[in-house]
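A.B. asks: Structure file data.cif (mmCIF, C-alpha atoms) is given on the next line.
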data_query
loop_
_atom_site.group_PDB
_atom_site.id
_atom_site.type_symbol
_atom_site.label_atom_id
_atom_site.label_comp_id
_atom_site.auth_asym_id
_atom_site.auth_seq_id
_atom_site.Cartn_x
_atom_site.Cartn_y
_atom_site.Cartn_z
ATOM 1 C CA MET T 1 -0.627 -9.612 -26.689
ATOM 2 C CA ASP T 2 1.083 -12.942 -26.893
ATOM 3 C CA PRO T 3 0.352 -14.880 -23.688
ATOM 4 C CA ILE T 4 3.961 -15.992 -23.301
ATOM 5 C CA VAL T 5 5.239 -12.431 -23.485
ATOM 6 C CA ASN T 6 2.496 -11.430 -21.083
ATOM 7 C CA LEU T 7 3.564 -14.104 -18.630
ATOM 8 C CA ILE T 8 7.220 -13.122 -18.857
ATOM 9 C CA ILE T 9 6.406 -9.479 -18.191
ATOM 10 C CA PHE T 10 4.160 -10.477 -15.302
ATOM 11 C CA ILE T 11 6.908 -12.592 -13.731
ATOM 12 C CA CYS T 12 9.428 -9.785 -14.120
ATOM 13 C CA VAL T 13 7.117 -7.255 -12.477
ATOM 14 C CA GLY T 14 6.202 -9.676 -9.689
ATOM 15 C CA VAL T 15 9.788 -10.593 -8.835
ATOM 16 C CA ALA T 16 10.807 -6.945 -9.025
ATOM 17 C CA SER T 17 8.010 -5.892 -6.694
ATOM 18 C CA LEU T 18 8.893 -8.572 -4.132
ATOM 19 C CA VAL T 19 12.630 -7.854 -4.171
ATOM 20 C CA LEU T 20 12.039 -4.127 -3.993
ATOM 21 C CA SER T 21 9.572 -4.446 -1.136
ATOM 22 C CA PHE T 22 12.058 -6.536 0.816
ATOM 23 C CA LEU T 23 14.694 -3.885 0.194
ATOM 24 C CA ALA T 24 12.246 -1.182 1.273
ATOM 25 C CA ALA T 25 11.637 -3.041 4.527
ATOM 26 C CA SER T 26 15.296 -3.693 5.260
ATOM 27 C CA SER T 27 17.434 -1.001 3.658
ATOM 28 C CA LYS T 28 19.818 0.848 5.932
ATOM 29 C CA SER T 29 19.290 4.298 4.524
ATOM 30 C CA LEU T 30 15.885 5.869 4.966
ATOM 31 C CA LEU T 31 15.928 7.778 1.707
ATOM 32 C CA ARG T 32 16.778 4.617 -0.200
ATOM 33 C CA SER T 33 13.929 2.871 1.558
ATOM 34 C CA ALA T 34 11.519 5.546 0.354
ATOM 35 C CA THR T 35 12.809 5.203 -3.197
ATOM 36 C CA TYR T 36 12.324 1.443 -3.114
ATOM 37 C CA LEU T 37 8.800 2.049 -1.845
ATOM 38 C CA LEU T 38 8.174 4.288 -4.833
ATOM 39 C CA LEU T 39 9.328 1.524 -7.193
ATOM 40 C CA VAL T 40 7.119 -1.023 -5.429
ATOM 41 C CA LEU T 41 4.136 1.267 -5.883
ATOM 42 C CA ILE T 42 4.923 1.663 -9.574
ATOM 43 C CA CYS T 43 5.098 -2.142 -9.910
ATOM 44 C CA THR T 44 1.682 -2.282 -8.251
ATOM 45 C CA ALA T 45 0.395 0.115 -10.868
ATOM 46 C CA GLY T 46 1.739 -2.398 -13.374
ATOM 47 C CA PHE T 47 -0.378 -5.108 -11.745
ATOM 48 C CA TYR T 48 -3.457 -2.928 -12.069
ATOM 49 C CA LEU T 49 -2.654 -2.489 -15.747
ATOM 50 C CA PHE T 50 -2.413 -6.254 -16.086
ATOM 51 C CA LEU T 51 -5.857 -6.510 -14.553
ATOM 52 C CA ASN T 52 -7.191 -3.896 -17.001
ATOM 53 C CA TYR T 53 -7.910 -1.351 -14.293
ATOM 54 C CA HIS T 54 -6.402 1.590 -16.102
ATOM 55 C CA PHE T 55 -8.056 4.231 -13.970
ATOM 56 C CA LEU T 56 -6.754 2.551 -10.840
ATOM 57 C CA ALA T 57 -3.220 2.482 -12.227
ATOM 58 C CA ALA T 58 -3.405 6.199 -12.968
ATOM 59 C CA VAL T 59 -4.709 6.935 -9.472
ATOM 60 C CA GLN T 60 -2.032 4.759 -7.935
ATOM 61 C CA ILE T 61 0.770 6.558 -9.725
ATOM 62 C CA SER T 62 -0.583 10.049 -9.182
ATOM 63 C CA VAL T 63 -1.565 9.666 -5.528
ATOM 64 C CA TYR T 64 1.255 7.475 -4.323
ATOM 65 C CA ALA T 65 4.154 8.534 -6.493
ATOM 66 C CA GLY T 66 3.056 12.137 -6.652
ATOM 67 C CA GLY T 67 1.733 12.572 -3.141
ATOM 68 C CA VAL T 68 2.675 10.011 -0.575
ATOM 69 C CA VAL T 69 6.291 9.399 -1.545
ATOM 70 C CA MET T 70 6.870 13.140 -1.846
ATOM 71 C CA LEU T 71 5.522 13.531 1.694
ATOM 72 C CA PHE T 72 7.834 10.786 2.868
ATOM 73 C CA ILE T 73 10.855 12.424 1.282
ATOM 74 C CA PHE T 74 10.012 15.804 2.801
ATOM 75 C CA ALA T 75 9.556 14.224 6.204
ATOM 76 C CA ILE T 76 12.835 12.345 5.894
ATOM 77 C CA PHE T 77 14.682 15.519 5.029
ATOM 78 C CA LEU T 78 13.030 17.367 7.892
ATOM 79 C CA THR T 79 13.721 14.764 10.533
ATOM 80 C CA SER T 80 17.092 13.246 9.770
ATOM 81 C CA ASN T 81 20.472 14.545 10.753
ATOM 82 C CA LYS T 82 23.263 14.492 8.249
ATOM 83 C CA GLY T 83 24.567 11.092 7.269
ATOM 84 C CA ASP T 84 23.120 8.992 10.045
ATOM 85 C CA LEU T 85 22.072 5.436 9.332
ATOM 86 C CA LEU T 86 19.183 3.632 10.911
ATOM 87 C CA GLN T 87 19.541 2.248 14.407
ATOM 88 C CA LYS T 88 19.342 -1.489 14.725
ATOM 89 C CA HIS T 89 17.368 -3.617 17.098
ATOM 90 C CA GLU T 90 18.982 -6.518 18.904
ATOM 91 C CA THR T 91 19.075 -9.840 17.083
ATOM 92 C CA GLY T 92 16.133 -11.329 18.972
ATOM 93 C CA LYS T 93 13.786 -8.818 17.423
ATOM 94 C CA TYR T 94 14.901 -9.824 13.939
ATOM 95 C CA VAL T 95 14.356 -13.484 14.726
ATOM 96 C CA ALA T 96 10.909 -12.691 16.097
ATOM 97 C CA GLY T 97 10.010 -10.656 13.029
ATOM 98 C CA ALA T 98 11.217 -13.302 10.609
ATOM 99 C CA LEU T 99 9.400 -16.061 12.520
ATOM 100 C CA THR T 100 6.170 -14.072 12.557
ATOM 101 C CA ALA T 101 6.421 -13.363 8.850
ATOM 102 C CA LEU T 102 7.290 -16.948 7.917
ATOM 103 C CA GLY T 103 4.516 -18.383 10.088
ATOM 104 C CA GLY T 104 2.023 -15.990 8.594
ATOM 105 C CA ILE T 105 3.171 -16.805 5.075
ATOM 106 C CA ALA T 106 2.866 -20.540 5.785
ATOM 107 C CA VAL T 107 -0.684 -20.282 7.134
ATOM 108 C CA THR T 108 -1.878 -17.931 4.405
ATOM 109 C CA ALA T 109 -0.264 -19.851 1.563
ATOM 110 C CA PHE T 110 -1.738 -23.088 2.879
ATOM 111 C CA ALA T 111 -5.233 -21.599 2.965
ATOM 112 C CA LEU T 112 -4.703 -19.996 -0.442
ATOM 113 C CA LEU T 113 -3.516 -23.080 -2.260
ATOM 114 C CA LYS T 114 -5.992 -25.391 -0.560
ATOM 115 C CA HIS T 115 -8.992 -23.313 -1.442
ATOM 116 C CA HIS T 116 -10.777 -23.605 -4.763
ATOM 117 C CA PHE T 117 -11.975 -20.291 -6.025
ATOM 118 C CA ILE T 118 -15.183 -20.113 -7.996
ATOM 119 C CA TYR T 119 -14.287 -17.909 -10.889
ATOM 120 C CA GLY T 120 -16.708 -15.479 -12.415
ATOM 121 C CA SER T 121 -18.323 -16.238 -15.733
ATOM 122 C CA ASN T 122 -15.902 -14.196 -17.794
ATOM 123 C CA ALA T 123 -12.754 -14.563 -15.784
ATOM 124 C CA THR T 124 -10.135 -14.086 -18.445
ATOM 125 C CA ILE T 125 -8.152 -10.908 -18.370
ATOM 126 C CA LYS T 126 -8.036 -10.888 -22.130
ATOM 127 C CA GLY T 127 -10.208 -8.705 -24.218
ATOM 128 C CA ASP T 128 -11.725 -5.321 -23.723
ATOM 129 C CA GLN T 129 -12.792 -5.132 -20.112
ATOM 130 C CA GLU T 130 -11.817 -1.631 -19.349
ATOM 131 C CA ILE T 131 -14.304 0.272 -17.213
ATOM 132 C CA ASN T 132 -14.992 3.548 -18.911
ATOM 133 C CA MET T 133 -15.053 6.887 -17.168
ATOM 134 C CA LYS T 134 -18.799 7.340 -17.523
ATOM 135 C CA VAL T 135 -19.459 4.243 -15.455
ATOM 136 C CA ILE T 136 -16.902 5.267 -12.855
ATOM 137 C CA GLY T 137 -18.404 8.729 -12.533
ATOM 138 C CA GLU T 138 -21.940 7.478 -12.261
ATOM 139 C CA THR T 139 -20.975 4.883 -9.690
ATOM 140 C CA LEU T 140 -19.139 7.412 -7.576
ATOM 141 C CA MET T 141 -21.956 9.919 -7.700
ATOM 142 C CA GLY T 142 -25.027 7.711 -7.490
ATOM 143 C CA THR T 143 -27.130 6.955 -4.453
ATOM 144 C CA GLU T 144 -28.640 3.624 -5.465
ATOM 145 C CA LYS T 145 -27.468 0.154 -4.635
ATOM 146 C CA TYR T 146 -23.799 -0.456 -5.504
ATOM 147 C CA GLN T 147 -23.218 3.236 -5.885
ATOM 148 C CA TYR T 148 -20.927 5.199 -3.696
ATOM 149 C CA LEU T 149 -21.929 8.780 -3.025
ATOM 150 C CA LEU T 150 -21.884 8.390 0.756
ATOM 151 C CA PRO T 151 -18.361 6.912 1.040
ATOM 152 C CA PHE T 152 -17.169 9.530 -1.411
ATOM 153 C CA GLU T 153 -18.505 12.362 0.729
ATOM 154 C CA ALA T 154 -17.275 10.736 3.915
ATOM 155 C CA LEU T 155 -13.864 10.513 2.326
ATOM 156 C CA SER T 156 -13.873 14.181 1.432
ATOM 157 C CA LEU T 157 -14.777 14.970 5.037
ATOM 158 C CA LEU T 158 -11.947 12.715 6.194
ATOM 159 C CA LEU T 159 -9.482 14.556 3.970
ATOM 160 C CA LEU T 160 -10.677 17.895 5.335
ATOM 161 C CA ALA T 161 -10.273 16.661 8.903
ATOM 162 C CA CYS T 162 -6.847 15.356 7.961
ATOM 163 C CA ILE T 163 -5.747 18.722 6.581
ATOM 164 C CA ILE T 164 -6.919 20.506 9.721
ATOM 165 C CA GLY T 165 -5.365 17.893 11.980
ATOM 166 C CA GLY T 166 -2.075 17.976 10.118
ATOM 167 C CA ILE T 167 -1.815 21.738 10.373
ATOM 168 C CA LEU T 168 -2.837 21.697 14.016
ATOM 169 C CA ILE T 169 -0.308 19.052 14.966
ATOM 170 C CA ALA T 170 2.632 20.291 12.956
ATOM 171 C CA ARG T 171 2.355 24.050 13.368
ATOM 172 C CA LYS T 172 4.874 25.984 15.323
ATOM 173 C CA ARG T 173 3.859 27.048 18.797
ATOM 174 C CA MET M 1 -5.094 -15.510 -9.955
ATOM 175 C CA GLU M 2 -3.137 -17.439 -7.341
ATOM 176 C CA TYR M 3 0.043 -15.767 -8.536
ATOM 177 C CA TYR M 4 -1.299 -12.335 -7.694
ATOM 178 C CA LEU M 5 -2.462 -13.559 -4.317
ATOM 179 C CA ILE M 6 0.908 -15.151 -3.559
ATOM 180 C CA ILE M 7 2.698 -11.946 -4.489
ATOM 181 C CA SER M 8 0.401 -9.869 -2.309
ATOM 182 C CA THR M 9 0.763 -12.328 0.582
ATOM 183 C CA LEU M 10 4.538 -12.133 0.414
ATOM 184 C CA MET M 11 4.397 -8.353 0.202
ATOM 185 C CA PHE M 12 2.084 -8.218 3.216
ATOM 186 C CA PHE M 13 4.382 -10.299 5.366
ATOM 187 C CA ILE M 14 7.498 -8.464 4.228
ATOM 188 C CA GLY M 15 5.661 -5.383 5.496
ATOM 189 C CA ILE M 16 4.963 -7.133 8.816
ATOM 190 C CA TYR M 17 8.632 -8.091 9.102
ATOM 191 C CA GLY M 18 9.686 -4.516 8.496
ATOM 192 C CA PHE M 19 7.078 -3.274 10.934
ATOM 193 C CA ILE M 20 8.530 -5.440 13.696
ATOM 194 C CA THR M 21 12.201 -4.994 12.986
ATOM 195 C CA ARG M 22 12.414 -1.287 12.244
ATOM 196 C CA LYS M 23 13.202 1.333 14.835
ATOM 197 C CA ASN M 24 12.776 4.564 12.979
ATOM 198 C CA MET M 25 9.177 5.744 12.823
ATOM 199 C CA ILE M 26 9.301 6.728 9.162
ATOM 200 C CA ALA M 27 10.656 3.284 8.311
ATOM 201 C CA ILE M 28 7.759 1.735 10.201
ATOM 202 C CA LEU M 29 5.375 3.901 8.206
ATOM 203 C CA ILE M 30 6.985 2.714 4.962
ATOM 204 C CA SER M 31 6.392 -0.896 6.019
ATOM 205 C CA LEU M 32 2.792 0.035 6.760
ATOM 206 C CA GLU M 33 2.477 1.352 3.219
ATOM 207 C CA LEU M 34 3.652 -2.025 1.932
ATOM 208 C CA ILE M 35 0.965 -3.783 3.987
ATOM 209 C CA LEU M 36 -1.801 -1.493 2.747
ATOM 210 C CA ASN M 37 -0.582 -1.831 -0.819
ATOM 211 C CA ALA M 38 -0.804 -5.618 -0.624
ATOM 212 C CA VAL M 39 -4.361 -5.357 0.670
ATOM 213 C CA GLU M 40 -5.318 -3.099 -2.207
ATOM 214 C CA ILE M 41 -3.870 -5.521 -4.763
ATOM 215 C CA ASN M 42 -6.063 -8.191 -3.184
ATOM 216 C CA PHE M 43 -9.222 -6.091 -3.566
ATOM 217 C CA ALA M 44 -8.547 -5.509 -7.247
ATOM 218 C CA VAL M 45 -7.614 -9.129 -7.976
ATOM 219 C CA PHE M 46 -10.680 -10.589 -6.268
ATOM 220 C CA ASN M 47 -12.897 -8.196 -8.122
ATOM 221 C CA ARG M 48 -11.385 -8.953 -11.496
ATOM 222 C CA TYR M 49 -11.311 -12.725 -11.240
ATOM 223 C CA LEU M 50 -14.265 -13.670 -9.070
ATOM 224 C CA PHE M 51 -16.754 -10.916 -9.892
ATOM 225 C CA PRO M 52 -15.949 -9.477 -13.296
ATOM 226 C CA GLY M 53 -18.588 -7.049 -14.442
ATOM 227 C CA ARG M 54 -18.999 -5.519 -10.995
ATOM 228 C CA PHE M 55 -16.955 -2.715 -9.490
ATOM 229 C CA GLU M 56 -16.958 -3.087 -5.708
ATOM 230 C CA GLY M 57 -13.345 -4.143 -5.352
ATOM 231 C CA MET M 58 -12.127 -1.437 -7.634
ATOM 232 C CA PHE M 59 -13.927 1.303 -5.733
ATOM 233 C CA PHE M 60 -12.733 -0.017 -2.416
ATOM 234 C CA THR M 61 -9.203 0.095 -3.761
ATOM 235 C CA LEU M 62 -9.845 3.683 -4.736
ATOM 236 C CA PHE M 63 -11.132 4.586 -1.277
ATOM 237 C CA GLY M 64 -8.282 2.648 0.300
ATOM 238 C CA ILE M 65 -5.704 4.657 -1.626
ATOM 239 C CA ALA M 66 -7.302 7.906 -0.483
ATOM 240 C CA ILE M 67 -7.475 6.796 3.146
ATOM 241 C CA THR M 68 -3.851 5.692 3.006
ATOM 242 C CA ALA M 69 -2.827 9.115 1.758
ATOM 243 C CA ALA M 70 -4.750 10.824 4.579
ATOM 244 C CA GLU M 71 -3.282 8.515 7.201
ATOM 245 C CA THR M 72 0.243 9.068 5.932
ATOM 246 C CA ALA M 73 -0.159 12.834 6.068
ATOM 247 C CA VAL M 74 -1.365 12.808 9.677
ATOM 248 C CA ALA M 75 1.281 10.315 10.758
ATOM 249 C CA LEU M 76 4.063 12.357 9.200
ATOM 250 C CA ALA M 77 2.744 15.490 10.935
ATOM 251 C CA ILE M 78 2.887 13.624 14.243
ATOM 252 C CA ILE M 79 6.397 12.393 13.482
ATOM 253 C CA ILE M 80 7.654 15.862 12.609
ATOM 254 C CA ASN M 81 6.141 17.179 15.819
ATOM 255 C CA ALA M 82 7.813 14.442 17.820
ATOM 256 C CA TYR M 83 11.115 15.234 16.148
ATOM 257 C CA ARG M 84 10.727 18.843 17.121
ATOM 258 C CA THR M 85 10.030 17.872 20.710
ATOM 259 C CA ILE M 86 12.728 15.292 21.315
ATOM 260 C CA GLY M 87 15.092 15.682 18.373
ATOM 261 C CA ASN M 88 14.986 12.037 17.345
ATOM 262 C CA ILE M 89 12.375 9.745 15.881
ATOM 263 C CA ASP M 90 13.387 6.318 17.105
ATOM 264 C CA ILE M 91 10.576 4.572 18.873
ATOM 265 C CA GLU M 92 12.519 3.840 22.039
ATOM 266 C CA ASN M 93 12.894 7.504 22.814
ATOM 267 C CA LEU M 94 9.183 8.067 22.501
ATOM 268 C CA SER M 95 7.957 6.433 25.658
ATOM 269 C CA LYS M 96 6.053 9.447 26.940
ATOM 270 C CA MET M 97 3.077 10.968 25.222
ATOM 271 C CA LYS M 98 3.202 14.191 27.175
ATOM 272 C CA GLU M 99 5.721 15.722 29.488
#
Could you quickly redo this structure as structure tokens?

C.D. replies:
Amino acid sequence: MDPIVNLIIFICVGVASLVLSFLAASSKSLLRSATYLLLVLICTAGFYLFLNYHFLAAVQISVYAGGVVMLFIFAIFLTSNKGDLLQKHETGKYVAGALTALGGIAVTAFALLKHHFIYGSNATIKGDQEINMKVIGETLMGTEKYQYLLPFEALSLLLLACIIGGILIARKR
Amino acid sequence: MEYYLIISTLMFFIGIYGFITRKNMIAILISLELILNAVEINFAVFNRYLFPGRFEGMFFTLFGIAITAAETAVALAIIINAYRTIGNIDIENLSKMKE
């Protein structure tokens, strides 16, 4: 694609993701907050597409948009009374939060812009760099160096424990 | 590359701001999602720009997404249970773990 068009799309997605994440962190209605979160996650999938991680974008949309946000919306419906808005903290808490965030941004941005990254040999995001499914499958199922069978199995165990724990915590007594 | 990192930094600290200033537990969890999402963008960006041709960052993003989903499910179960116990999910009402 034309680099200028690429840049314009990137800027649009970036600004949209920042504005939407601020709205998600400060919106008054909980359901709206969850919807903004969904849009932020979709913008993140757009970033993964920019980076040529197509598989990651698909996982992001299916797991987050399909799973996590649905869970959030169910939980919001189960736990909120009709038409109530979010309670507010006192002003001091907001000042503290904003100061913490701004200080953190200052420190991190300083370190980020001061540091010179050593780019990899083929660091353009142009061209055909997509990782194909065969490589992904072999890396997830292999046991050699830089292959991830053990984390994969640990993760499946974690999900099992999470299912059991969720049922145990949330069941009716 | 710096643009991605700046975006993820801002997203991370917007999440921190929400985490501090929110009262409702689900809202806090949404801010936590923002934080984790920013971290995952960082993994993918570092992998693509600094180590192209290797896959560590991508797979850690994958595992991170799965762990986030698990954590959200358990946290929402806890929140629903708390709602059933005290009828309200603001953090100030949740000062006792067990009555």

A.B. asks: Which residue is closest to chain M? Choose from T:Leu102, T:Val95, T:Arg32, T:Ala25 and count all atoms listed in the file.

C.D. replies: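 Among T:Leu102, T:Val95, T:Arg32, T:Ala25, it is T:Ala25 that comes nearest to chain M.
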
A.B. asks: Could you tell me which of M:Ile20, M:Phe46, M:Arg54, M:Ala82 comes closest to chain T if we count only C-alpha atoms?

C.D. replies: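 Closest residue, counting only C-alpha atoms: M:Ile20.
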
A.B. asks: Would you please work out which residue, of M:Glu2, M:Glu56, M:Glu40, M:Glu71, is nearest to Ala111 (chain T) when using only C-alpha atoms?

C.D. replies: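 Checking each of M:Glu2, M:Glu56, M:Glu40, M:Glu71 against Ala111 (chain T), counting only C-alpha atoms, the winner is M:Glu2.
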
A.B. asks: Using only C-alpha atoms for the distances, tell me which of M:Met25, M:Ser8, M:Asn81, M:Thr68 is nearest to chain T.

C.D. replies: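 Using only C-alpha atoms, the shortest distance to chain T belongs to M:Asn81.
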
A.B. asks: Let me have the centre and edge lengths of the axis-aligned box enclosing all listed atoms of region 142-150 of chain T with 6 Å padding on every side, in Å to one decimal, as lines of an AutoDock Vina configuration file.

C.D. replies:
center_x = -24.8
center_y = 4.2
center_z = -3.4
size_x = 19.7
size_y = 21.2
size_z = 20.2

A.B. asks: Would you work out the distance separating CA of Ser29 (chain T) from CA of Thr100 (chain T), expressed in Å to one decimal?

C.D. replies: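 Interatomic distance here is 24.0 Å.
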
A.B. asks: Excluding Ile16 (chain M) and any residue of its chain fewer than 5 positions from it, enumerate the residues within 10 Å of it, using all atoms listed in the file, and give them as a PyMOL selection string.

C.D. replies: (chain T and resi 25+97-98+100-101+104) or (chain M and resi 10-11+21+28+31-32+34-35)

A.B. asks: On this file, the PyMOL selection byres ((chain M and resi 29) around 12) gives some set of residues; write that set as JSON, numbers by chain.

C.D. replies: {"T": [24, 25, 30, 33, 34, 37, 68, 69, 71, 72, 75, 76], "M": [15, 16, 18, 19, 20, 22, 23, 24, 25, 26, 27, 28, 30, 31, 32, 33, 34, 35, 36, 68, 69, 71, 72, 73, 74, 75, 76, 78, 79, 89, 91]}

A.B. asks: Excluding Gly14 (chain T) and any residue of its chain fewer than 2 positions from it, enumerate the residues within 12 Å of it, using all atoms listed in the file, and give them as number ranges by chain.

C.D. replies: T: 7-12, 16-21, 39-47, 50; M: 3-11, 41

A.B. asks: Mind telling me what the PyMOL selection byres ((chain M and resi 61) around 8) catches here, as number ranges by chain?

C.D. replies: T: 56; M: 40-41, 43-44, 57-60, 62-65
